[in-house]
Structure formats: structure tokens, C-alpha cells
$ cat start22.csv   # CSV, C-alpha atoms and all ligand atoms
chain,number,residue,atom,x,y,z
A,608,MET,CA,111.3,91.9,95.2
A,609,LYS,CA,111.6,95.6,96.0
A,610,VAL,CA,109.0,98.0,97.5
A,611,PRO,CA,109.5,101.6,96.5
A,612,PHE,CA,108.2,104.4,98.7
A,613,LEU,CA,106.0,105.6,95.9
A,614,ASP,CA,105.5,104.2,92.4
A,615,LEU,CA,104.3,106.9,90.0
A,616,LYS,CA,105.3,104.7,87.0
A,617,ALA,CA,102.7,102.1,88.0
A,618,GLN,CA,100.1,104.8,88.3
A,619,HIS,CA,101.0,106.3,84.9
A,620,LYS,CA,100.8,103.0,83.2
A,621,GLY,CA,97.1,102.7,84.2
A,622,ILE,CA,96.1,106.1,82.8
A,623,LYS,CA,98.7,106.6,80.0
A,624,ASP,CA,96.4,106.7,77.0
A,625,GLU,CA,93.9,109.1,78.6
A,626,VAL,CA,96.7,111.4,79.8
A,627,GLU,CA,98.5,111.4,76.5
A,628,ARG,CA,95.2,112.3,74.7
A,629,SER,CA,94.6,115.1,77.1
A,630,LEU,CA,98.1,116.5,76.6
A,631,GLN,CA,97.6,116.4,72.8
A,632,GLU,CA,94.5,118.4,73.2
A,633,VAL,CA,96.3,121.1,75.1
A,634,MET,CA,98.9,121.3,72.3
A,635,ALA,CA,96.3,121.3,69.6
A,636,ASN,CA,94.7,124.3,71.4
A,637,THR,CA,98.0,125.9,72.4
A,638,ALA,CA,96.3,126.5,75.7
A,639,PHE,CA,99.6,126.6,77.7
A,640,ALA,CA,99.1,129.1,80.5
A,641,SER,CA,95.8,129.1,82.3
A,642,GLY,CA,93.0,128.7,79.7
A,643,PRO,CA,90.1,126.3,79.2
A,644,PHE,CA,91.8,123.1,80.6
A,645,VAL,CA,92.7,124.8,83.8
A,646,GLN,CA,89.2,126.3,84.1
A,647,LYS,CA,87.6,122.9,83.5
A,648,PHE,CA,89.7,121.4,86.3
A,649,GLU,CA,88.9,124.3,88.6
A,650,ASP,CA,85.2,123.6,88.1
A,651,GLU,CA,85.6,119.9,88.6
A,652,PHE,CA,87.7,120.2,91.7
A,653,ALA,CA,85.4,122.8,93.3
A,654,ARG,CA,82.5,120.3,92.7
A,655,PHE,CA,84.6,117.5,94.2
A,656,CYS,CA,85.3,119.4,97.4
A,657,GLY,CA,81.7,120.6,97.6
A,658,VAL,CA,82.5,124.3,97.3
A,659,LYS,CA,81.8,127.2,95.0
A,660,TYR,CA,85.2,128.3,93.9
A,661,CYS,CA,88.6,126.8,93.0
A,662,ILE,CA,91.5,128.9,92.0
A,663,ALA,CA,94.3,126.9,90.5
A,664,VAL,CA,97.9,128.0,90.9
A,665,ASN,CA,101.4,126.8,90.2
A,666,SER,CA,102.1,125.1,93.5
A,667,GLY,CA,100.8,124.3,97.0
A,668,THR,CA,103.2,126.9,98.4
A,669,SER,CA,101.8,129.6,96.1
A,670,ALA,CA,98.3,128.5,97.1
A,671,LEU,CA,99.1,129.1,100.8
A,672,HIS,CA,100.8,132.4,100.0
A,673,VAL,CA,97.9,133.9,98.0
A,674,ALA,CA,95.3,132.5,100.5
A,675,LEU,CA,97.1,134.4,103.4
A,676,LEU,CA,97.5,137.5,101.3
A,677,ALA,CA,93.8,137.5,100.2
A,678,GLN,CA,92.8,137.2,103.8
A,679,GLY,CA,94.8,140.3,104.6
A,680,ILE,CA,97.8,138.8,106.4
A,681,GLN,CA,100.6,141.4,106.4
A,682,PRO,CA,103.9,142.4,108.0
A,683,GLY,CA,103.6,142.5,111.8
A,684,ASP,CA,100.8,139.9,111.9
A,685,GLU,CA,101.3,136.5,113.5
A,686,VAL,CA,99.8,133.1,112.4
A,687,ILE,CA,99.4,130.0,114.6
A,688,THR,CA,100.5,126.7,113.1
A,689,VAL,CA,102.4,123.5,114.0
A,690,PRO,CA,106.2,122.8,113.9
A,691,ASN,CA,105.9,119.3,112.4
A,692,THR,CA,104.9,120.0,108.8
A,693,PHE,CA,106.6,120.6,105.5
A,694,ILE,CA,108.4,123.9,105.5
A,695,ALA,CA,106.1,125.4,102.8
A,696,THR,CA,103.4,125.9,105.5
A,697,THR,CA,105.6,128.5,107.3
A,698,TRP,CA,107.2,129.9,104.2
A,699,ALA,CA,103.8,131.2,103.1
A,700,ILE,CA,103.5,133.0,106.5
A,701,THR,CA,107.0,134.4,106.2
A,702,TYR,CA,106.5,135.5,102.5
A,703,CYS,CA,103.7,137.7,103.8
A,704,GLY,CA,106.1,139.3,106.3
A,705,ALA,CA,104.2,137.7,109.1
A,706,LYS,CA,105.6,135.4,111.9
A,707,PRO,CA,104.7,131.8,112.5
A,708,VAL,CA,103.7,131.0,116.1
A,709,PHE,CA,103.8,127.3,116.9
A,710,VAL,CA,101.6,125.2,119.1
A,711,ASP,CA,102.5,121.6,119.9
A,712,VAL,CA,100.7,118.6,118.4
A,713,ASP,CA,98.7,115.7,119.9
A,714,PRO,CA,100.9,112.6,120.6
A,715,TYR,CA,98.3,110.2,119.1
A,716,THR,CA,97.3,112.0,115.9
A,717,TRP,CA,100.4,114.2,115.6
A,718,LEU,CA,98.0,117.0,114.5
A,719,MET,CA,97.6,120.5,116.0
A,720,ASN,CA,96.3,120.1,119.6
A,721,PRO,CA,93.2,122.4,119.9
A,722,ASP,CA,93.7,122.5,123.7
A,723,LEU,CA,96.9,124.6,123.2
A,724,ILE,CA,95.6,127.2,120.7
A,725,GLU,CA,93.9,129.7,123.1
A,726,GLN,CA,97.0,130.2,125.2
A,727,ALA,CA,99.0,131.1,122.1
A,728,ILE,CA,96.5,133.9,121.1
A,729,THR,CA,97.8,137.5,121.4
A,730,PRO,CA,96.5,140.7,119.8
A,731,LYS,CA,99.1,140.1,116.9
A,732,ILE,CA,97.6,136.7,116.0
A,733,LYS,CA,95.4,137.1,112.9
A,734,ALA,CA,95.0,133.5,111.7
A,735,ILE,CA,95.2,129.8,112.5
A,736,LEU,CA,96.8,127.6,109.8
A,737,PRO,CA,96.2,124.0,110.7
A,738,VAL,CA,97.8,121.2,108.7
A,739,HIS,CA,95.8,118.1,107.8
A,740,LEU,CA,99.1,116.1,108.2
A,741,TYR,CA,99.5,112.7,106.6
A,742,GLY,CA,96.0,113.1,105.2
A,743,GLN,CA,94.1,113.2,108.5
A,744,PRO,CA,91.7,116.2,108.9
A,745,VAL,CA,92.3,118.2,112.1
A,746,GLU,CA,89.5,118.8,114.6
A,747,MET,CA,88.0,121.5,112.5
A,748,ASP,CA,84.9,122.1,114.6
A,749,ARG,CA,87.0,123.0,117.6
A,750,ILE,CA,89.5,125.1,115.6
A,751,ASN,CA,86.7,127.0,113.8
A,752,GLY,CA,85.0,127.6,117.2
A,753,ILE,CA,88.1,129.1,118.7
A,754,ALA,CA,88.7,131.2,115.6
A,755,LYS,CA,85.2,132.5,115.7
A,756,LYS,CA,85.4,133.4,119.4
A,757,HIS,CA,88.6,135.4,118.9
A,758,GLY,CA,87.9,136.8,115.4
A,759,LEU,CA,90.6,134.9,113.7
A,760,ILE,CA,90.8,133.6,110.1
A,761,VAL,CA,91.4,129.9,109.4
A,762,ILE,CA,93.4,128.8,106.4
A,763,GLU,CA,93.9,125.0,106.0
A,764,ASP,CA,96.9,123.4,104.6
A,765,ALA,CA,95.4,120.4,102.9
A,766,ALA,CA,98.4,119.6,100.7
A,767,GLN,CA,98.2,116.0,101.9
A,768,ALA,CA,94.5,115.6,102.4
A,769,HIS,CA,92.6,115.5,99.0
A,770,ALA,CA,89.4,113.5,99.4
A,771,ALA,CA,89.8,113.0,103.2
A,772,THR,CA,86.6,113.6,105.1
A,773,TYR,CA,85.7,115.0,108.6
A,774,LYS,CA,82.2,114.2,109.9
A,775,GLY,CA,81.2,113.1,106.5
A,776,LYS,CA,82.3,116.2,104.7
A,777,ARG,CA,85.3,116.4,102.3
A,778,VAL,CA,88.3,118.5,103.2
A,779,GLY,CA,87.9,121.8,101.3
A,780,ASN,CA,84.4,122.2,102.7
A,781,LEU,CA,85.3,122.4,106.4
A,782,GLY,CA,86.3,126.0,106.7
A,783,ASN,CA,86.7,129.2,104.8
A,784,THR,CA,89.8,128.8,102.7
A,785,THR,CA,91.6,125.5,102.0
A,786,CYS,CA,94.9,125.1,100.1
A,787,PHE,CA,96.0,122.0,98.1
A,788,SER,CA,99.2,120.9,96.4
A,789,PHE,CA,99.3,118.9,93.3
A,790,TYR,CA,103.0,118.1,93.5
A,791,PRO,CA,103.6,114.9,91.6
A,792,GLY,CA,103.9,112.7,94.8
A,793,LYS,CA,100.7,114.1,96.4
A,794,ASN,CA,97.5,112.0,96.3
A,795,LEU,CA,96.3,114.1,93.4
A,796,GLY,CA,99.5,114.8,91.6
A,797,ALA,CA,100.2,116.9,88.4
A,798,TYR,CA,102.8,116.0,85.8
A,799,GLY,CA,104.7,118.9,87.0
A,800,GLU,CA,103.9,121.5,89.7
A,801,GLY,CA,100.5,122.7,90.8
A,802,GLY,CA,98.2,123.8,93.6
A,803,ALA,CA,94.8,125.3,94.3
A,804,VAL,CA,92.8,127.3,96.8
A,805,VAL,CA,89.1,126.4,97.3
A,806,THR,CA,86.6,128.6,99.1
A,807,ASP,CA,82.9,129.5,99.2
A,808,ASP,CA,83.8,133.2,99.6
A,809,GLU,CA,83.3,135.1,96.4
A,810,ASN,CA,85.5,138.0,97.5
A,811,ILE,CA,88.4,135.9,98.6
A,812,ALA,CA,88.2,133.9,95.3
A,813,GLY,CA,88.2,137.1,93.3
A,814,ARG,CA,91.2,138.5,95.2
A,815,ILE,CA,93.1,135.3,94.7
A,816,ARG,CA,92.4,135.3,91.0
A,817,ILE,CA,93.9,138.7,90.7
A,818,LEU,CA,96.9,137.9,93.0
A,819,ARG,CA,97.9,134.9,90.9
A,820,ASP,CA,97.9,136.9,87.7
A,821,HIS,CA,100.1,139.9,88.3
A,822,GLY,CA,97.5,141.8,90.3
A,823,GLN,CA,95.5,142.3,87.2
A,824,SER,CA,91.8,143.0,87.5
A,825,LYS,CA,91.7,143.7,83.8
A,826,LYS,CA,94.4,143.2,81.2
A,827,TYR,CA,97.3,145.6,82.1
A,828,CYS,CA,95.4,147.2,85.0
A,829,HIS,CA,97.3,146.3,88.1
A,830,ASP,CA,95.3,146.9,91.3
A,831,PHE,CA,97.9,145.7,93.8
A,832,VAL,CA,101.2,143.8,93.9
A,833,GLY,CA,100.6,140.4,92.3
A,834,TYR,CA,102.5,137.3,91.2
A,835,ASN,CA,102.8,135.0,88.3
A,836,TYR,CA,101.3,132.0,90.0
A,837,ARG,CA,99.2,130.7,87.2
A,838,MET,CA,98.7,127.0,86.6
A,839,ASP,CA,99.9,125.8,83.1
A,840,GLY,CA,97.5,124.1,80.7
A,841,PHE,CA,99.1,120.7,80.7
A,842,GLN,CA,98.6,120.4,84.5
A,843,GLY,CA,95.0,121.4,84.3
A,844,ALA,CA,94.4,118.7,81.6
A,845,VAL,CA,96.2,115.9,83.5
A,846,LEU,CA,94.6,116.8,86.8
A,847,SER,CA,91.1,116.5,85.2
A,848,VAL,CA,92.0,113.0,84.1
A,849,LYS,CA,93.4,112.0,87.5
A,850,LEU,CA,90.6,113.5,89.5
A,851,LYS,CA,88.2,110.9,88.2
A,852,TYR,CA,90.3,108.2,89.9
A,853,LEU,CA,91.0,110.1,93.2
A,854,GLN,CA,88.2,108.5,95.3
A,855,GLU,CA,89.1,105.0,94.1
A,856,TRP,CA,92.8,105.6,94.8
A,857,THR,CA,91.9,107.0,98.3
A,858,ASP,CA,89.8,103.9,99.0
A,859,LYS,CA,92.8,101.7,98.0
A,860,ARG,CA,95.1,103.7,100.3
A,861,ASN,CA,92.6,103.1,103.2
A,862,ASP,CA,92.6,99.3,102.4
A,863,ILE,CA,96.4,99.2,102.5
A,864,ALA,CA,96.4,101.2,105.8
A,865,ARG,CA,93.9,98.8,107.3
A,866,ARG,CA,96.1,95.8,106.3
A,867,TYR,CA,99.2,97.5,107.7
A,868,SER,CA,97.6,98.4,111.0
A,869,GLU,CA,96.1,94.9,111.4
A,870,GLY,CA,99.5,93.3,110.7
A,871,LEU,CA,101.5,95.7,112.9
A,872,LYS,CA,99.2,96.6,115.8
A,873,ASP,CA,100.6,94.0,118.3
A,874,ILE,CA,104.3,94.8,117.9
A,875,ASP,CA,105.8,96.0,121.2
A,876,GLY,CA,106.9,99.6,121.2
A,877,LEU,CA,105.4,100.3,117.8
A,878,GLN,CA,102.6,102.8,117.4
A,879,VAL,CA,100.4,102.5,114.3
A,880,PRO,CA,98.4,105.5,113.1
A,881,TYR,CA,95.5,106.5,115.5
A,882,ILE,CA,92.6,107.5,113.2
A,883,ARG,CA,89.7,109.3,115.0
A,884,ASP,CA,86.4,107.7,114.2
A,885,ASP,CA,84.9,111.0,112.8
A,886,ILE,CA,87.4,111.1,109.9
A,887,VAL,CA,88.5,109.2,106.8
A,888,SER,CA,92.1,109.9,106.2
A,889,ALA,CA,93.5,110.4,102.7
A,890,PHE,CA,96.5,108.4,103.9
A,891,HIS,CA,98.9,110.4,101.9
A,892,LEU,CA,101.4,108.9,104.3
A,893,TYR,CA,101.1,105.9,106.6
A,894,VAL,CA,103.3,106.8,109.5
A,895,ILE,CA,104.3,104.5,112.4
A,896,HIS,CA,106.3,105.6,115.5
A,897,THR,CA,109.0,103.7,117.3
A,898,PRO,CA,112.0,104.6,119.5
A,899,LYS,CA,114.0,102.2,117.2
A,900,ARG,CA,113.2,104.2,114.1
A,901,ASP,CA,116.7,104.6,112.6
A,902,GLU,CA,117.5,100.9,113.1
A,903,LEU,CA,114.2,99.9,111.5
A,904,MET,CA,114.6,102.2,108.6
A,905,THR,CA,118.1,100.8,107.8
A,906,TYR,CA,116.9,97.3,108.2
A,907,LEU,CA,114.0,97.9,105.8
A,908,GLN,CA,116.4,99.6,103.3
A,909,GLU,CA,118.7,96.5,103.4
A,910,ASN,CA,115.7,94.4,102.6
A,911,GLY,CA,114.6,96.4,99.6
A,912,ILE,CA,111.9,98.5,101.3
A,913,ALA,CA,112.0,102.3,101.0
A,914,ALA,CA,110.7,104.2,104.0
A,915,GLY,CA,110.6,108.0,104.5
A,916,LEU,CA,110.8,110.6,107.3
A,917,HIS,CA,108.1,113.2,107.5
A,918,TYR,CA,109.7,115.3,108.9
A,919,PRO,CA,113.1,114.7,110.6
A,920,ILE,CA,113.7,118.3,111.8
A,921,PRO,CA,110.8,120.3,113.2
A,922,ILE,CA,110.5,123.8,111.8
A,923,HIS,CA,111.2,125.6,115.0
A,924,LEU,CA,114.7,123.9,115.0
A,925,GLN,CA,115.5,124.7,111.3
A,926,LYS,CA,118.4,127.1,110.7
A,927,ALA,CA,116.2,129.2,108.4
A,928,TYR,CA,114.0,130.0,111.5
A,929,LYS,CA,116.8,130.7,113.9
A,930,HIS,CA,115.6,134.2,114.4
A,931,LEU,CA,112.5,132.9,116.1
A,932,ASN,CA,114.8,132.0,119.0
A,933,GLN,CA,113.2,128.7,119.7
A,934,LYS,CA,115.0,125.8,121.3
A,935,LYS,CA,114.9,122.0,121.7
A,936,GLY,CA,112.2,121.1,124.3
A,937,ASP,CA,109.8,123.9,123.3
A,938,PHE,CA,107.4,121.5,121.5
A,939,PRO,CA,108.1,118.1,122.9
A,940,PHE,CA,105.6,116.1,120.9
A,941,ALA,CA,106.5,117.7,117.6
A,942,GLU,CA,110.1,116.8,118.5
A,943,LYS,CA,109.2,113.3,119.5
A,944,ASN,CA,107.5,112.9,116.1
A,945,ALA,CA,110.6,114.0,114.3
A,946,VAL,CA,112.8,111.3,115.9
A,947,GLN,CA,110.2,108.4,116.0
A,948,CYS,CA,108.2,108.8,112.8
A,949,LEU,CA,108.7,106.4,109.9
A,950,SER,CA,106.5,106.5,106.7
A,951,LEU,CA,106.0,103.2,105.1
A,952,PRO,CA,105.5,102.7,101.4
A,953,MET,CA,102.0,103.9,100.4
A,954,TYR,CA,100.5,104.2,96.9
A,955,ALA,CA,97.3,102.8,95.4
A,956,ASP,CA,99.1,100.5,93.0
A,957,MET,CA,100.8,98.5,95.8
A,958,THR,CA,100.4,94.7,95.2
A,959,ASP,CA,99.3,92.2,97.9
A,960,GLU,CA,102.8,90.8,97.9
A,961,GLN,CA,104.4,94.2,98.5
A,962,ILE,CA,102.0,94.9,101.3
A,963,GLU,CA,102.7,91.6,102.9
A,964,MET,CA,106.5,92.0,102.4
A,965,VAL,CA,106.4,95.3,104.3
A,966,ILE,CA,104.4,93.8,107.2
A,967,ASP,CA,106.5,90.6,107.4
A,968,SER,CA,109.7,92.6,107.4
A,969,ILE,CA,108.7,94.7,110.4
A,970,GLY,CA,106.9,91.9,112.4
A,1001,LIG,C1,103.6,119.5,99.7
A,1001,LIG,C2,103.2,120.3,100.8
A,1001,LIG,C3,103.2,121.7,100.6
A,1001,LIG,C4,103.7,122.5,99.5
A,1001,LIG,O1,103.2,122.2,98.2
A,1001,LIG,P1,104.1,122.4,96.9
A,1001,LIG,O2,103.1,122.1,95.8
A,1001,LIG,O3,105.2,121.4,97.0
A,1001,LIG,O4,104.5,123.8,96.9
A,1001,LIG,C5,102.7,122.5,101.7
A,1001,LIG,N1,102.3,121.9,102.9
A,1001,LIG,C6,102.4,120.6,103.0
A,1001,LIG,C7,102.0,120.0,104.3
A,1001,LIG,C8,102.9,119.7,102.0
A,1001,LIG,O5,102.9,118.4,102.2
$ encode --input "start22.csv" --output "C-alpha cells"
Amino acid sequence: MKVPFLDLKAQHKGIKDEVERSLQEVMANTAFASGPFVQKFEDEFARFCGVKYCIAVNSGTSALHVALLAQGIQPGDEVITVPNTFIATTWAITYCGAKPVFVDVDPYTWLMNPDLIEQAITPKIKAILPVHLYGQPVEMDRINGIAKKHGLIVIEDAAQAHAATYKGKRVGNLGNTTCFSFYPGKNLGAYGEGGAVVTDDENIAGRIRILRDHGQSKKYCHDFVGYNYRMDGFQGAVLSVKLKYLQEWTDKRNDIARRYSEGLKDIDGLQVPYIRDDIVSAFHLYVIHTPKRDELMTYLQENGIAAGLHYPIPIHLQKAYKHLNQKKGDFPFAEKNAVQCLSLPMYADMTDEQIEMVIDSIG
């Protein structure tokens, strides 16, 4: 038996008829770019998150980019974020001509450490961009509090955290502007690329709608520099189908995580995910930490189990960000995460045998 890291074929099998019907409808209506199927999904996803507005775009990266632009981030500004995330988080800052300023993470949750934010604030800092990494919401009350005190914007990277909750509220409804990705491997994945911004702020929603569509307020009236970041109709239709299953899939991910943690918690030198009791993680990733990470990964591979690294090189040590002049040792916990993290297979369609095989192979 093999255990893949993610099994999208198994997921597709369960929803194939519904998805195919929805794609046929898009074709029958030739609603290929934006249009009614995208709008329907926007309404449904806004309701799911408990917010007023959802603006669908063509990727999570685009969602972050337009969210920052709509909040007025511009060249010369600086934005606080973390070094252990997918690079798209900081690309969005860089695309605005702004500079990412890193704070280190907490060594238990591996999320932005709120204790370190205030000391990083300077007059150039305009926003905080926390990442709900692995699907765990960050401590939003503290981050929102710091932002309010210093007059900063908060934009959340929730690319991994669909359906996660913090103090009983779903991610998307915790701050002002939240960005999602619907990349196929994400918890809510399109059949192609996709992303969205959700917000309760009518002005921000309006600006993002214009930004994603060539800066058009009306057809062929361009108010400011815009982009072609529209979602295509097929993705809207598929996402509407899949959204109906998202909570069920999230519950299953949590069941798998509980079984993993129960089976792995007593292994010497191995850290299972620490989940605060005020959150429900989306468990996009189930990440363990061990100093013997590379050996364990190779061993699992040899036994037919695919594990992943999220992420092996922190952003402040990436060649693309050499100009930030940061060095090894600047963010010790983000760096420790990079060398010790190991993401185990995680998808709602995992069988009992597969879950047990992973646990037995590590134990
Ligand atoms: C996937 C991801 C993104 C980017 O989303 P795309 O849809 O791939 O552009 C941004 N941030 C994080 C944390 C992600 O995991």
C-alpha cells in the first residue's frame, strides 16, 4: 500500500457527477470569464465566512496583491509578516513596491509571535500581514489590538485556513480583509487556479472589484492602474459544488489529525502540532517537528509514504530577497521550523489503513 501526500483523484471520484454537470452548465451559458457562476460562488463564500463581500480573483497571490493595493499600500511602505510562509505572501508586498519586514514565529504554533510585533513597528510600517499557517488561525485579538493602537491595517493570508475558526468565528470574519487561495491542493481547491478576498468593508470591496478588472469602474472607463485578475467561470462553478462539502472535509481532517497526534505524541524528540484551545485548525497541513527530519522523510519515502516540507527555506534566506540583507540567525524559530518540519499525508479521503500505516511507520 502507498500513501500519497494528497489524493485529489479520490476527492474527484466522490463529486464527479456534480462537478461535470456544473461544468456543462458553464459551457451551455458560455459564461467563461467572471459571470453568474463566479457571482454565485462569491455570494456563497461570503455567507460561509460570515461576511458581506467576497471578490473572487484568479489566484491567492492576486488576492493578496489587490487586498494590499486596495488598502493603499504603495512604494516606500513596509509590511510586517513572517519568514516561514509560502513566498506568495511576500510577493504581494513586493508587487506593491513595499518592503516585507519579518518578525519571528512562536516555537509551538510556528505562527507569528504577537510579542514581537510592537518592536518591529516604525513610521514606515503600514500593515500587518499574518499568515494562518497550516490552517491554524493566528492570535487575531492581539494582532488586531496592536494594529488599532498603532493605526495599522491588518490583511490576513488565509490561503491555508478555509473553515478554520478562532473563538468560535470562522476565518474571514476575524479582521478587516482576508485573502484565500483556491489552488487545487488547498482545502477548497478549484479545478485550476483561483483566489478570493473577503471583507465587510464596502469601499475596499468596491476598489478590489475595480482592481481585478483592468481598473474599470464602468466599461472602458479606467480609474486607476488595474489588472486582469478575474476568476474564470469554470472555477466559480466547481467551487460552488465543493464548498458544500468543505465543513465535512474539515471535520475529517481534524479526525485524522487527532488520530495522528494520539499515535505520535509519546515519541521521543518528536513534536506533534500544538493546537491552542481557542481555535479549530483547518489542518491544511499536519506538520510534525523532529531534529531527525531528513532521515525520517527518506525512511517514509522508502516505505511508500509521501511527506512534504513547508517550507524548507525561510523567505529571509531566499536568493530573491537577498537585497533585504538578512542572514542566518536573524529569525531562529522560523529557521528551526525550516529544518525540522515534516508535513504528513493529509486529505479527507484518507482510509483508516493509510492513517494507521503512517502512524506505525513513524512509531
Ligand atoms: C497557496 C498560498 C498562497 C498563494 O496562493 P496561490 O493561489 O497559489 O497564488 C499564498 N499564501 C500561502 C500561505 C499559501 O499557502
$ closest_residue --input "start22.csv" --among "A:Val610, A:Leu795, A:Cys948, A:Ile728" --to "ligand LIG 1001 (chain A)" --atoms "all atoms listed in the file"
A:Leu795
$ residues_around --input "start22.csv" --residues "Asp748 (chain A)" --least-positions-apart "2" --cutoff "12 Å" --atoms "only C-alpha atoms" --output "PyMOL selection string"
chain A and resi 721+744-746+750-755+761+773-774+776+780-782+885
$ residues_near_ligand --input "start22.csv" --ligand "ligand LIG 1001 (chain A)" --cutoff "8 Å" --atoms "all atoms listed in the file" --output "mmCIF file with C-alpha atoms, in the coordinates of the input"
data_model
loop_
_atom_site.group_PDB
_atom_site.id
_atom_site.type_symbol
_atom_site.label_atom_id
_atom_site.label_comp_id
_atom_site.auth_asym_id
_atom_site.auth_seq_id
_atom_site.Cartn_x
_atom_site.Cartn_y
_atom_site.Cartn_z
ATOM 1 C CA ASN A 665 101.400 126.800 90.200
ATOM 2 C CA SER A 666 102.100 125.100 93.500
ATOM 3 C CA GLY A 667 100.800 124.300 97.000
ATOM 4 C CA THR A 668 103.200 126.900 98.400
ATOM 5 C CA SER A 669 101.800 129.600 96.100
ATOM 6 C CA ALA A 670 98.300 128.500 97.100
ATOM 7 C CA LEU A 671 99.100 129.100 100.800
ATOM 8 C CA THR A 692 104.900 120.000 108.800
ATOM 9 C CA PHE A 693 106.600 120.600 105.500
ATOM 10 C CA ILE A 694 108.400 123.900 105.500
ATOM 11 C CA ALA A 695 106.100 125.400 102.800
ATOM 12 C CA THR A 696 103.400 125.900 105.500
ATOM 13 C CA VAL A 738 97.800 121.200 108.700
ATOM 14 C CA HIS A 739 95.800 118.100 107.800
ATOM 15 C CA LEU A 740 99.100 116.100 108.200
ATOM 16 C CA TYR A 741 99.500 112.700 106.600
ATOM 17 C CA ASP A 764 96.900 123.400 104.600
ATOM 18 C CA ALA A 765 95.400 120.400 102.900
ATOM 19 C CA ALA A 766 98.400 119.600 100.700
ATOM 20 C CA GLN A 767 98.200 116.000 101.900
ATOM 21 C CA PHE A 787 96.000 122.000 98.100
ATOM 22 C CA SER A 788 99.200 120.900 96.400
ATOM 23 C CA PHE A 789 99.300 118.900 93.300
ATOM 24 C CA TYR A 790 103.000 118.100 93.500
ATOM 25 C CA LYS A 793 100.700 114.100 96.400
ATOM 26 C CA GLU A 800 103.900 121.500 89.700
ATOM 27 C CA GLY A 801 100.500 122.700 90.800
ATOM 28 C CA GLY A 802 98.200 123.800 93.600
#
$ residues_around --input "start22.csv" --residues "Val879 (chain A)" --least-positions-apart "5" --cutoff "8 Å" --atoms "all atoms listed in the file" --output "list in words"
Ser868, Leu871, Lys872, Val894, Ile895 and His896 of chain A
$ closest_residue --input "start22.csv" --among "A:Glu855, A:Asp959, A:Glu942, A:Asp624" --to "Trp717 (chain A)" --atoms "all atoms listed in the file"
A:Glu942
$ residues_around --input "start22.csv" --residues "Gly840 (chain A)" --least-positions-apart "3" --cutoff "9 Å" --atoms "all atoms listed in the file" --output "short mmCIF file (atom, residue, chain, number, x, y, z; two decimals) with C-alpha atoms, in the coordinates of the input"
data_model
loop_
_atom_site.label_atom_id
_atom_site.label_comp_id
_atom_site.auth_asym_id
_atom_site.auth_seq_id
_atom_site.Cartn_x
_atom_site.Cartn_y
_atom_site.Cartn_z
CA LEU A 630 98.10 116.50 76.60
CA VAL A 633 96.30 121.10 75.10
CA MET A 634 98.90 121.30 72.30
CA THR A 637 98.00 125.90 72.40
CA ALA A 638 96.30 126.50 75.70
CA PHE A 639 99.60 126.60 77.70
CA ALA A 640 99.10 129.10 80.50
CA SER A 641 95.80 129.10 82.30
CA GLY A 642 93.00 128.70 79.70
CA PRO A 643 90.10 126.30 79.20
CA PHE A 644 91.80 123.10 80.60
CA VAL A 645 92.70 124.80 83.80
CA GLY A 843 95.00 121.40 84.30
CA ALA A 844 94.40 118.70 81.60
CA VAL A 845 96.20 115.90 83.50
#
$ build_atoms --input "start22.csv" --residues "region 876-891 of chain A" --atoms "N, CA and C atoms" --output "tab-separated table (two decimals), in the coordinates of the input"
chain	number	residue	atom	x	y	z
A	876	GLY	N	106.17	98.37	121.38
A	876	GLY	CA	106.90	99.60	121.20
A	876	GLY	C	106.62	100.31	119.86
A	877	LEU	N	105.71	99.73	119.06
A	877	LEU	CA	105.40	100.30	117.80
A	877	LEU	C	104.00	100.90	117.77
A	878	GLN	N	103.88	102.17	117.41
A	878	GLN	CA	102.60	102.80	117.40
A	878	GLN	C	102.10	102.94	115.95
A	879	VAL	N	100.94	102.33	115.66
A	879	VAL	CA	100.40	102.50	114.30
A	879	VAL	C	99.50	103.74	114.33
A	880	PRO	N	99.15	104.27	113.15
A	880	PRO	CA	98.40	105.50	113.10
A	880	PRO	C	97.07	105.39	113.92
A	881	TYR	N	96.80	106.40	114.73
A	881	TYR	CA	95.50	106.50	115.50
A	881	TYR	C	94.60	107.33	114.63
A	882	ILE	N	93.54	106.74	114.11
A	882	ILE	CA	92.60	107.50	113.20
A	882	ILE	C	91.31	107.70	114.00
A	883	ARG	N	90.97	108.97	114.29
A	883	ARG	CA	89.70	109.30	115.00
A	883	ARG	C	88.53	108.71	114.22
A	884	ASP	N	87.44	108.38	114.94
A	884	ASP	CA	86.40	107.70	114.20
A	884	ASP	C	85.46	108.73	113.47
A	885	ASP	N	85.72	110.04	113.61
A	885	ASP	CA	84.90	111.00	112.80
A	885	ASP	C	85.62	111.43	111.53
A	886	ILE	N	86.70	110.74	111.18
A	886	ILE	CA	87.40	111.10	109.90
A	886	ILE	C	87.64	109.89	109.03
A	887	VAL	N	87.83	110.17	107.75
A	887	VAL	CA	88.50	109.20	106.80
A	887	VAL	C	89.73	109.89	106.35
A	888	SER	N	90.86	109.29	106.64
A	888	SER	CA	92.10	109.90	106.20
A	888	SER	C	92.35	109.66	104.73
A	889	ALA	N	93.08	110.58	104.13
A	889	ALA	CA	93.50	110.40	102.70
A	889	ALA	C	94.70	109.48	102.64
A	890	PHE	N	95.29	109.18	103.81
A	890	PHE	CA	96.50	108.40	103.90
A	890	PHE	C	97.51	108.74	102.79
A	891	HIS	N	97.79	110.03	102.72
A	891	HIS	CA	98.90	110.40	101.90
A	891	HIS	C	100.17	109.71	102.40
